[in-house]
Amino acid sequence: MNSNPRILFIARRYPPSVGGIQTYAKELYTRLCQYCPVTLVALGKEPLFHLAWFMPYAFCAAVYYVLRHRPDAVFFMDGVTAALAPFLRPFTPARFAVTIHGAELTFRRAFFSRLMRAGARACDRTVMVSRATAALAVRNGLPAEKTRVIYQGIHAVIPANDEHRHLRDRFERAHGLDLREYPVLLNYGRQVRRKGVAEFIENGVPLMRDDIRLLISGSGPAQDGIRAAVKFLNLEDRVFLLGRLDDPTLAMLRREAQLFLMPNIHLRHDAEGFGIAPLECLYAGLPVAYFDVDALGESLRDGGFRVPPGDYPAFVERIHKYLDLSDEDKERERMRVQAFVRAEYSWEKTTVQYMDVFTGRD
């Protein structure tokens, strides 16, 4: 195949919609454009009902593109868009590839799961974001010989000192919180049940020292449960629900916080396929405490502080143990985790591996 292939890139999750897959899609698309011509068909809206028009639109746009421009590869950014693959296949001999991010193939609605499995089987290559995801996919009927694990590249913005101070001062005025007065823990991302934030508030926060402050950013279907847990336990002075914050503010908080928390729980139909937010924190030098659930143990490995799933006393003990370190030992930990993620998850390596998929060199 052409070493400089023309690629049709189809994504149902893409900015300005917010989330880990959206970040992944934009970064990958941007970097692929540095290697070859890429045409993007993307949905930048979050609610699921937009799929009702986007999927027919994406199919029609794809048919037009493959007939007119004859791409070398068609890439489906997730299992949902790959459901188009069997219907698109008669129109083009292009190489098809899809990325599977987690539990997409085990959705509760069997009809949609079958559509996604059929779509993935129609692809020449199924890229998995982790070995855990690959094992899940094979258990659900995808041929192992078609799978390829490619870890996502990680990059996180780190503001300059002057900008950092400005962002910190603005945040402190807005929220009435002095970030240097208390030990600060951070959690951000799309708030869904598998993240385990409500469960941690109920079972972990009451075990923590009273001087610790937990900052939670993001929105999603689990948000009401998180808010209810904070209110029920009267934790409003210790747990701050910040809603969705912009990227510069999150970048500032990654420098100000002591630890990022990933207290995930295992759900059969919603696995954590990789874990982008904690790796962003490691990139910026913020250590992560996490439950060893789904793919987190694989992606974070020794870059984070691993805790057995559901052991909230051990999780809190791990938090306290880190907070009790000297400033010098904390700085060594920050440098260690930063070096780990920057060595293991470079976007250059990820992009080259995808190019191998699209050109058939894999």
# chains A, B, ... in the order shown; residues from 1 in each chain; ligands from 1

call {"tool": "closest_atom_pairs", "arguments": {"of": "segment 63-118 of chain A", "to": "segment 21-40 of chain A", "cutoff": "9 Å", "atoms": "only C-alpha atoms", "output": "Markdown table"}}
result
| residue | atom | partner | partner_atom | distance |
| --- | --- | --- | --- | --- |
| A:Tyr65 | CA | A:Thr39 | CA | 8.9 |
| A:Met77 | CA | A:Ala25 | CA | 6.9 |
| A:Asp78 | CA | A:Ile21 | CA | 8.6 |
| A:His101 | CA | A:Ile21 | CA | 7.9 |

call {"tool": "residues_around", "arguments": {"residues": "Asn161 of chain A", "least_positions_apart": "5", "cutoff": "10 Å", "atoms": "only C-alpha atoms", "output": "CSV table (one decimal) with all heavy atoms, in the first residue's frame"}}
result
chain,number,residue,atom,x,y,z
A,166,HIS,N,-1.5,33.5,37.8
A,166,HIS,CA,-2.8,34.2,37.4
A,166,HIS,C,-4.0,33.3,37.5
A,166,HIS,O,-5.0,33.6,38.0
A,166,HIS,CB,-2.7,34.8,36.0
A,166,HIS,CG,-4.0,35.3,35.4
A,166,HIS,ND1,-4.6,36.4,35.8
A,166,HIS,CD2,-4.8,34.7,34.4
A,166,HIS,CE1,-5.7,36.6,35.2
A,166,HIS,NE2,-5.9,35.6,34.3
A,167,LEU,N,-3.8,32.1,36.9
A,167,LEU,CA,-4.9,31.1,37.0
A,167,LEU,C,-5.2,30.7,38.4
A,167,LEU,O,-6.4,30.5,38.8
A,167,LEU,CB,-4.5,29.8,36.2
A,167,LEU,CG,-4.4,30.0,34.6
A,167,LEU,CD1,-3.7,28.9,34.0
A,167,LEU,CD2,-5.8,30.2,34.0
A,252,MET,N,-3.4,24.2,35.8
A,252,MET,CA,-3.0,24.8,37.0
A,252,MET,C,-3.2,23.8,38.2
A,252,MET,O,-2.3,23.7,39.0
A,252,MET,CB,-3.7,26.1,37.2
A,252,MET,CG,-3.4,26.8,38.5
A,252,MET,SD,-4.4,26.3,39.9
A,252,MET,CE,-6.0,26.8,39.4

call {"tool": "closest_residue", "arguments": {"among": "A:Val357, A:Gly204, A:Tyr312, A:Gly102", "to": "His269 of chain A", "atoms": "only C-alpha atoms"}}
result
A:Gly102

call {"tool": "select_by_dssp", "arguments": {"residues": "segment 46-282 of chain A", "states": "strand (DSSP E or B)", "output": "short mmCIF file (atom, residue, chain, number, x, y, z; two decimals) with N, CA, C and O atoms, in the first residue's frame"}}
result
data_model
loop_
_atom_site.label_atom_id
_atom_site.label_comp_id
_atom_site.auth_asym_id
_atom_site.auth_seq_id
_atom_site.Cartn_x
_atom_site.Cartn_y
_atom_site.Cartn_z
N ALA A 73 -7.25 4.07 3.15
CA ALA A 73 -7.67 3.53 4.44
C ALA A 73 -8.88 4.29 4.96
O ALA A 73 -9.00 5.50 4.74
N VAL A 74 -9.78 3.57 5.61
CA VAL A 74 -10.91 4.16 6.32
C VAL A 74 -10.75 3.80 7.78
O VAL A 74 -10.63 2.61 8.13
N PHE A 75 -10.74 4.81 8.63
CA PHE A 75 -10.52 4.60 10.06
C PHE A 75 -11.76 5.00 10.85
O PHE A 75 -12.25 6.12 10.72
N PHE A 76 -12.25 4.07 11.67
CA PHE A 76 -13.39 4.31 12.55
C PHE A 76 -12.83 4.50 13.96
O PHE A 76 -12.16 3.62 14.50
N ARG A 95 -8.34 -0.27 3.05
CA ARG A 95 -8.07 -0.98 4.30
C ARG A 95 -8.89 -0.34 5.41
O ARG A 95 -8.85 0.88 5.61
N PHE A 96 -9.65 -1.14 6.16
CA PHE A 96 -10.49 -0.65 7.25
C PHE A 96 -9.81 -0.93 8.58
O PHE A 96 -9.27 -2.02 8.81
N ALA A 97 -9.87 0.05 9.48
CA ALA A 97 -9.34 -0.12 10.84
C ALA A 97 -10.27 0.56 11.83
O ALA A 97 -10.92 1.56 11.50
N VAL A 98 -10.33 0.03 13.03
CA VAL A 98 -11.16 0.61 14.09
C VAL A 98 -10.37 0.56 15.40
O VAL A 98 -9.57 -0.34 15.63
N THR A 99 -10.60 1.55 16.26
CA THR A 99 -10.04 1.53 17.60
C THR A 99 -11.15 1.21 18.60
O THR A 99 -12.20 1.85 18.60
N ILE A 100 -10.90 0.21 19.44
CA ILE A 100 -11.84 -0.18 20.50
C ILE A 100 -11.28 0.34 21.83
O ILE A 100 -10.14 0.07 22.19
N ARG A 125 -8.17 -4.48 10.62
CA ARG A 125 -7.40 -4.41 11.86
C ARG A 125 -8.24 -3.76 12.94
O ARG A 125 -8.92 -2.76 12.71
N THR A 126 -8.23 -4.36 14.14
CA THR A 126 -8.88 -3.75 15.30
C THR A 126 -7.78 -3.33 16.27
O THR A 126 -7.05 -4.17 16.79
N VAL A 127 -7.67 -2.04 16.46
CA VAL A 127 -6.68 -1.48 17.38
C VAL A 127 -7.29 -1.41 18.77
O VAL A 127 -8.40 -0.89 18.94
N MET A 128 -6.59 -1.93 19.75
CA MET A 128 -7.04 -1.91 21.13
C MET A 128 -6.19 -0.95 21.95
O MET A 128 -4.97 -0.89 21.76
N THR A 147 -6.21 -8.24 15.98
CA THR A 147 -6.05 -7.20 17.00
C THR A 147 -4.60 -6.71 17.07
O THR A 147 -3.65 -7.46 16.82
N ARG A 148 -4.48 -5.46 17.43
CA ARG A 148 -3.18 -4.83 17.64
C ARG A 148 -3.33 -3.83 18.78
O ARG A 148 -4.21 -2.96 18.73
N VAL A 149 -2.52 -3.95 19.82
CA VAL A 149 -2.56 -3.01 20.94
C VAL A 149 -1.67 -1.82 20.62
O VAL A 149 -0.48 -1.99 20.33
N VAL A 184 -4.33 19.24 48.84
CA VAL A 184 -5.39 19.20 47.84
C VAL A 184 -5.28 17.91 47.03
O VAL A 184 -4.21 17.57 46.51
N LEU A 185 -6.41 17.20 46.93
CA LEU A 185 -6.52 16.03 46.06
C LEU A 185 -7.43 16.40 44.89
O LEU A 185 -8.34 17.21 45.03
N LEU A 186 -7.20 15.77 43.75
CA LEU A 186 -7.90 16.16 42.53
C LEU A 186 -8.51 14.95 41.84
O LEU A 186 -7.92 13.86 41.83
N ASN A 187 -9.69 15.16 41.28
CA ASN A 187 -10.28 14.19 40.35
C ASN A 187 -11.01 15.00 39.27
O ASN A 187 -11.74 15.93 39.59
N TYR A 188 -10.78 14.65 38.00
CA TYR A 188 -11.53 15.31 36.93
C TYR A 188 -11.78 14.32 35.80
O TYR A 188 -11.11 13.29 35.68
N ARG A 213 -8.52 18.55 51.31
CA ARG A 213 -9.59 19.04 50.45
C ARG A 213 -9.58 18.25 49.13
O ARG A 213 -8.52 18.07 48.52
N LEU A 214 -10.75 17.78 48.71
CA LEU A 214 -10.90 17.04 47.47
C LEU A 214 -11.64 17.90 46.45
O LEU A 214 -12.76 18.35 46.70
N LEU A 215 -11.00 18.15 45.30
CA LEU A 215 -11.59 18.94 44.23
C LEU A 215 -12.02 17.99 43.11
O LEU A 215 -11.22 17.18 42.64
N ILE A 216 -13.29 18.12 42.69
CA ILE A 216 -13.84 17.24 41.66
C ILE A 216 -14.37 18.10 40.52
O ILE A 216 -15.22 18.96 40.73
N SER A 217 -13.86 17.84 39.32
CA SER A 217 -14.29 18.59 38.14
C SER A 217 -14.88 17.62 37.11
O SER A 217 -14.46 16.47 37.01
N VAL A 239 -15.21 18.68 50.32
CA VAL A 239 -15.30 18.21 48.93
C VAL A 239 -15.91 19.31 48.09
O VAL A 239 -17.03 19.75 48.36
N PHE A 240 -15.20 19.75 47.07
CA PHE A 240 -15.65 20.88 46.24
C PHE A 240 -16.00 20.37 44.85
O PHE A 240 -15.13 19.85 44.13
N LEU A 241 -17.26 20.51 44.48
CA LEU A 241 -17.74 20.10 43.16
C LEU A 241 -17.67 21.31 42.24
O LEU A 241 -18.42 22.27 42.40
N LEU A 242 -16.79 21.27 41.28
CA LEU A 242 -16.42 22.45 40.50
C LEU A 242 -17.10 22.52 39.14
O LEU A 242 -16.95 23.51 38.43
N GLY A 243 -17.82 21.46 38.76
CA GLY A 243 -18.37 21.43 37.42
C GLY A 243 -17.27 21.28 36.39
O GLY A 243 -16.15 20.85 36.69
N LEU A 259 -2.18 14.89 44.94
CA LEU A 259 -2.44 13.58 44.33
C LEU A 259 -3.67 13.67 43.44
O LEU A 259 -4.60 14.45 43.72
N PHE A 260 -3.69 12.86 42.40
CA PHE A 260 -4.89 12.63 41.61
C PHE A 260 -5.47 11.29 42.04
O PHE A 260 -4.74 10.31 42.22
N LEU A 261 -6.79 11.24 42.22
CA LEU A 261 -7.44 10.02 42.68
C LEU A 261 -8.20 9.36 41.55
O LEU A 261 -8.94 10.01 40.81
N MET A 262 -8.07 8.04 41.44
CA MET A 262 -8.79 7.25 40.45
C MET A 262 -9.40 6.04 41.18
O MET A 262 -8.94 4.91 41.04
#

call {"tool": "select_by_dssp", "arguments": {"residues": "segment 126-260 of chain A", "states": "helix (DSSP H, G or I)", "output": "number ranges by chain"}}
result
A: 131-139, 144-146, 161-175, 193-195, 197-203, 205-207, 223-232, 247-256

call {"tool": "residues_around", "arguments": {"residues": "Arg336 of chain A", "least_positions_apart": "4", "cutoff": "8 Å", "atoms": "only C-alpha atoms", "output": "VMD selection string"}}
result
chain A and resid 285 303 332 340

call {"tool": "closest_atom_pairs", "arguments": {"of": "segment 160-207 of chain A", "to": "segment 220-228 of chain A", "cutoff": "6 Å", "atoms": "only C-alpha atoms", "output": "JSON lines"}}
result
{"residue": "A:Arg190", "atom": "CA", "partner": "A:Gly220", "partner_atom": "CA", "distance": 5.5}
{"residue": "A:Gln191", "atom": "CA", "partner": "A:Gly220", "partner_atom": "CA", "distance": 4.5}
{"residue": "A:Val192", "atom": "CA", "partner": "A:Ala222", "partner_atom": "CA", "distance": 4.8}
{"residue": "A:Arg193", "atom": "CA", "partner": "A:Ala222", "partner_atom": "CA", "distance": 5.5}
{"residue": "A:Ala198", "atom": "CA", "partner": "A:Ile226", "partner_atom": "CA", "distance": 4.5}

call {"tool": "write_last_selection", "arguments": {"atoms": "all heavy atoms", "output": "tab-separated table (two decimals), in the first residue's frame"}}
result
chain	number	residue	atom	x	y	z
A	190	ARG	N	-15.01	12.91	32.73
A	190	ARG	CA	-16.44	12.67	32.57
A	190	ARG	C	-16.91	11.81	33.73
A	190	ARG	O	-16.39	10.72	33.97
A	190	ARG	CB	-16.73	11.98	31.23
A	190	ARG	CG	-18.22	11.86	30.94
A	190	ARG	CD	-18.46	11.52	29.48
A	190	ARG	NE	-19.90	11.52	29.21
A	190	ARG	CZ	-20.67	10.41	29.26
A	190	ARG	NH1	-20.12	9.24	29.56
A	190	ARG	NH2	-21.96	10.49	29.01
A	191	GLN	N	-17.88	12.31	34.47
A	191	GLN	CA	-18.31	11.64	35.69
A	191	GLN	C	-19.34	10.56	35.36
A	191	GLN	O	-20.52	10.83	35.20
A	191	GLN	CB	-18.84	12.65	36.69
A	191	GLN	CG	-17.82	13.66	37.18
A	191	GLN	CD	-16.62	13.01	37.88
A	191	GLN	OE1	-16.67	11.84	38.29
A	191	GLN	NE2	-15.53	13.75	38.01
A	192	VAL	N	-18.83	9.34	35.24
A	192	VAL	CA	-19.68	8.17	35.00
A	192	VAL	C	-19.50	7.20	36.15
A	192	VAL	O	-18.55	7.31	36.93
A	192	VAL	CB	-19.34	7.50	33.65
A	192	VAL	CG1	-19.71	8.41	32.48
A	192	VAL	CG2	-17.86	7.13	33.59
A	193	ARG	N	-20.39	6.25	36.26
A	193	ARG	CA	-20.43	5.38	37.44
A	193	ARG	C	-19.12	4.64	37.66
A	193	ARG	O	-18.66	4.48	38.80
A	193	ARG	CB	-21.58	4.38	37.26
A	193	ARG	CG	-21.68	3.34	38.36
A	193	ARG	CD	-22.34	3.84	39.63
A	193	ARG	NE	-22.11	2.95	40.75
A	193	ARG	CZ	-22.68	1.75	40.90
A	193	ARG	NH1	-23.55	1.31	40.00
A	193	ARG	NH2	-22.41	1.01	41.95
A	198	ALA	N	-18.61	8.77	43.64
A	198	ALA	CA	-19.62	8.78	44.71
A	198	ALA	C	-19.30	7.75	45.78
A	198	ALA	O	-19.43	8.02	46.99
A	198	ALA	CB	-21.01	8.53	44.12

call {"tool": "residues_around", "arguments": {"residues": "Pro308 of chain A", "least_positions_apart": "5", "cutoff": "8 Å", "atoms": "only C-alpha atoms", "output": "PyMOL selection string"}}
result
chain A and resi 291-292+314

call {"tool": "write_last_selection", "arguments": {"atoms": "N, CA, C and O atoms", "output": "short mmCIF file (atom, residue, chain, number, x, y, z; two decimals), in the first residue's frame"}}
result
data_model
loop_
_atom_site.label_atom_id
_atom_site.label_comp_id
_atom_site.auth_asym_id
_atom_site.auth_seq_id
_atom_site.Cartn_x
_atom_site.Cartn_y
_atom_site.Cartn_z
N PHE A 291 -7.36 2.47 42.27
CA PHE A 291 -7.76 1.08 42.45
C PHE A 291 -7.35 0.29 41.21
O PHE A 291 -7.56 0.75 40.07
N ASP A 292 -6.83 -0.90 41.40
CA ASP A 292 -6.34 -1.73 40.30
C ASP A 292 -7.53 -2.41 39.61
O ASP A 292 -7.77 -3.61 39.77
N ALA A 314 -7.19 1.05 52.74
CA ALA A 314 -5.84 1.03 52.15
C ALA A 314 -5.63 2.22 51.22
O ALA A 314 -4.53 2.78 51.15
#

call {"tool": "residues_around", "arguments": {"residues": "Arg117 of chain A", "least_positions_apart": "2", "cutoff": "10 Å", "atoms": "only C-alpha atoms", "output": "mmCIF file with N, CA, C and O atoms, in the first residue's frame"}}
result
data_model
loop_
_atom_site.group_PDB
_atom_site.id
_atom_site.type_symbol
_atom_site.label_atom_id
_atom_site.label_comp_id
_atom_site.auth_asym_id
_atom_site.auth_seq_id
_atom_site.Cartn_x
_atom_site.Cartn_y
_atom_site.Cartn_z
ATOM 1 N N GLY A 79 -16.007 1.762 18.269
ATOM 2 C CA GLY A 79 -16.828 0.645 17.833
ATOM 3 C C GLY A 79 -18.167 1.053 17.267
ATOM 4 O O GLY A 79 -18.711 0.367 16.389
ATOM 5 N N VAL A 80 -18.733 2.158 17.761
ATOM 6 C CA VAL A 80 -20.039 2.604 17.264
ATOM 7 C C VAL A 80 -19.937 2.988 15.795
ATOM 8 O O VAL A 80 -20.739 2.544 14.959
ATOM 9 N N ALA A 82 -17.755 2.028 13.733
ATOM 10 C CA ALA A 82 -17.385 0.840 12.958
ATOM 11 C C ALA A 82 -18.607 0.039 12.530
ATOM 12 O O ALA A 82 -18.501 -0.794 11.615
ATOM 13 N N ALA A 83 -19.757 0.280 13.150
ATOM 14 C CA ALA A 83 -20.980 -0.400 12.708
ATOM 15 C C ALA A 83 -21.298 -0.087 11.250
ATOM 16 O O ALA A 83 -22.049 -0.817 10.591
ATOM 17 N N GLU A 104 -17.155 -1.268 24.712
ATOM 18 C CA GLU A 104 -18.106 -0.969 23.640
ATOM 19 C C GLU A 104 -18.802 -2.214 23.109
ATOM 20 O O GLU A 104 -19.952 -2.158 22.681
ATOM 21 N N LEU A 105 -18.091 -3.335 23.135
ATOM 22 C CA LEU A 105 -18.647 -4.554 22.552
ATOM 23 C C LEU A 105 -19.531 -5.312 23.532
ATOM 24 O O LEU A 105 -20.080 -6.356 23.188
ATOM 25 N N THR A 106 -19.664 -4.796 24.758
ATOM 26 C CA THR A 106 -20.475 -5.492 25.770
ATOM 27 C C THR A 106 -21.620 -4.622 26.257
ATOM 28 O O THR A 106 -22.105 -4.804 27.367
ATOM 29 N N PHE A 112 -27.196 -3.463 19.561
ATOM 30 C CA PHE A 112 -26.095 -2.547 19.249
ATOM 31 C C PHE A 112 -24.740 -3.227 19.427
ATOM 32 O O PHE A 112 -23.805 -2.965 18.669
ATOM 33 N N SER A 113 -24.640 -4.108 20.410
ATOM 34 C CA SER A 113 -23.392 -4.852 20.580
ATOM 35 C C SER A 113 -23.113 -5.725 19.359
ATOM 36 O O SER A 113 -21.975 -5.816 18.892
ATOM 37 N N ARG A 114 -24.156 -6.354 18.837
ATOM 38 C CA ARG A 114 -23.960 -7.186 17.648
ATOM 39 C C ARG A 114 -23.549 -6.344 16.447
ATOM 40 O O ARG A 114 -22.692 -6.744 15.649
ATOM 41 N N LEU A 115 -24.152 -5.164 16.305
ATOM 42 C CA LEU A 115 -23.769 -4.271 15.209
ATOM 43 C C LEU A 115 -22.295 -3.887 15.296
ATOM 44 O O LEU A 115 -21.571 -3.882 14.289
ATOM 45 N N GLY A 119 -19.272 -4.829 12.799
ATOM 46 C CA GLY A 119 -18.458 -3.776 12.210
ATOM 47 C C GLY A 119 -16.978 -4.012 12.426
ATOM 48 O O GLY A 119 -16.162 -3.859 11.510
ATOM 49 N N ALA A 120 -16.612 -4.391 13.654
ATOM 50 C CA ALA A 120 -15.199 -4.636 13.942
ATOM 51 C C ALA A 120 -14.678 -5.829 13.142
ATOM 52 O O ALA A 120 -13.538 -5.807 12.646
ATOM 53 N N ARG A 121 -15.508 -6.868 12.984
ATOM 54 C CA ARG A 121 -15.077 -8.027 12.200
ATOM 55 C C ARG A 121 -14.903 -7.681 10.724
ATOM 56 O O ARG A 121 -14.129 -8.332 10.013
ATOM 57 N N ALA A 122 -15.630 -6.667 10.253
ATOM 58 C CA ALA A 122 -15.498 -6.239 8.854
ATOM 59 C C ALA A 122 -14.232 -5.432 8.615
ATOM 60 O O ALA A 122 -13.887 -5.156 7.462
ATOM 61 N N ALA A 137 -12.238 -7.961 24.071
ATOM 62 C CA ALA A 137 -12.753 -8.050 22.706
ATOM 63 C C ALA A 137 -12.710 -9.482 22.187
ATOM 64 O O ALA A 137 -13.657 -9.954 21.549
ATOM 65 N N ASN A 140 -15.355 -11.585 23.441
ATOM 66 C CA ASN A 140 -16.649 -11.246 22.863
ATOM 67 C C ASN A 140 -16.701 -11.482 21.349
ATOM 68 O O ASN A 140 -17.530 -10.903 20.662
ATOM 69 N N GLY A 141 -15.817 -12.326 20.867
ATOM 70 C CA GLY A 141 -15.974 -12.823 19.515
ATOM 71 C C GLY A 141 -15.128 -12.201 18.439
ATOM 72 O O GLY A 141 -15.261 -12.560 17.269
ATOM 73 N N LEU A 142 -14.229 -11.266 18.769
ATOM 74 C CA LEU A 142 -13.362 -10.699 17.740
ATOM 75 C C LEU A 142 -12.142 -11.598 17.539
ATOM 76 O O LEU A 142 -11.577 -12.114 18.501
#

call {"tool": "closest_residue", "arguments": {"among": "A:Gly360, A:Gly304, A:Pro143, A:Gly275", "to": "Arg334 of chain A", "atoms": "only C-alpha atoms"}}
result
A:Gly304

call {"tool": "closest_residue", "arguments": {"among": "A:Arg254, A:Gly310, A:Val337, A:Thr249", "to": "Glu172 of chain A", "atoms": "only C-alpha atoms"}}
result
A:Thr249

call {"tool": "atom_distance", "arguments": {"atom1": "atom CA of Pro309 of chain A", "atom2": "atom CA of Gly297 of chain A"}}
result
10.6 Å

call {"tool": "decode", "arguments": {"residues": "segment 313-328 of chain A", "atoms": "N, CA and C atoms", "output": "CSV table (one decimal), in the first residue's frame"}}
result
chain,number,residue,atom,x,y,z
A,313,PRO,N,-9.9,1.7,53.1
A,313,PRO,CA,-8.9,2.0,54.2
A,313,PRO,C,-7.5,2.0,53.6
A,314,ALA,N,-7.2,1.1,52.7
A,314,ALA,CA,-5.8,1.0,52.2
A,314,ALA,C,-5.6,2.2,51.2
A,315,PHE,N,-6.7,2.6,50.5
A,315,PHE,CA,-6.6,3.8,49.6
A,315,PHE,C,-6.3,5.0,50.4
A,316,VAL,N,-7.0,5.2,51.5
A,316,VAL,CA,-6.8,6.4,52.3
A,316,VAL,C,-5.4,6.3,53.0
A,317,GLU,N,-5.0,5.2,53.4
A,317,GLU,CA,-3.7,5.0,54.0
A,317,GLU,C,-2.6,5.4,53.0
A,318,ARG,N,-2.8,5.0,51.7
A,318,ARG,CA,-1.9,5.4,50.7
A,318,ARG,C,-1.8,6.9,50.5
A,319,ILE,N,-3.0,7.6,50.6
A,319,ILE,CA,-3.0,9.0,50.5
A,319,ILE,C,-2.2,9.7,51.6
A,320,HIS,N,-2.5,9.2,52.9
A,320,HIS,CA,-1.9,9.8,54.0
A,320,HIS,C,-0.3,9.5,54.0
A,321,LYS,N,0.0,8.4,53.5
A,321,LYS,CA,1.5,8.0,53.5
A,321,LYS,C,2.2,9.0,52.5
A,322,TYR,N,1.6,9.3,51.4
A,322,TYR,CA,2.2,10.2,50.5
A,322,TYR,C,2.3,11.6,51.1
A,323,LEU,N,1.2,12.1,51.6
A,323,LEU,CA,1.1,13.4,52.2
A,323,LEU,C,2.1,13.6,53.3
A,324,ASP,N,2.5,12.5,54.0
A,324,ASP,CA,3.5,12.6,55.1
A,324,ASP,C,4.9,12.7,54.6
A,325,LEU,N,5.1,12.5,53.3
A,325,LEU,CA,6.5,12.5,52.8
A,325,LEU,C,7.1,14.0,52.9
A,326,SER,N,8.4,14.1,53.0
A,326,SER,CA,9.0,15.4,53.0
A,326,SER,C,8.9,16.0,51.6
A,327,ASP,N,9.1,17.3,51.6
A,327,ASP,CA,9.0,18.0,50.3
A,327,ASP,C,9.9,17.5,49.3
A,328,GLU,N,11.1,17.1,49.8
A,328,GLU,CA,12.2,16.5,48.9
A,328,GLU,C,11.7,15.2,48.3
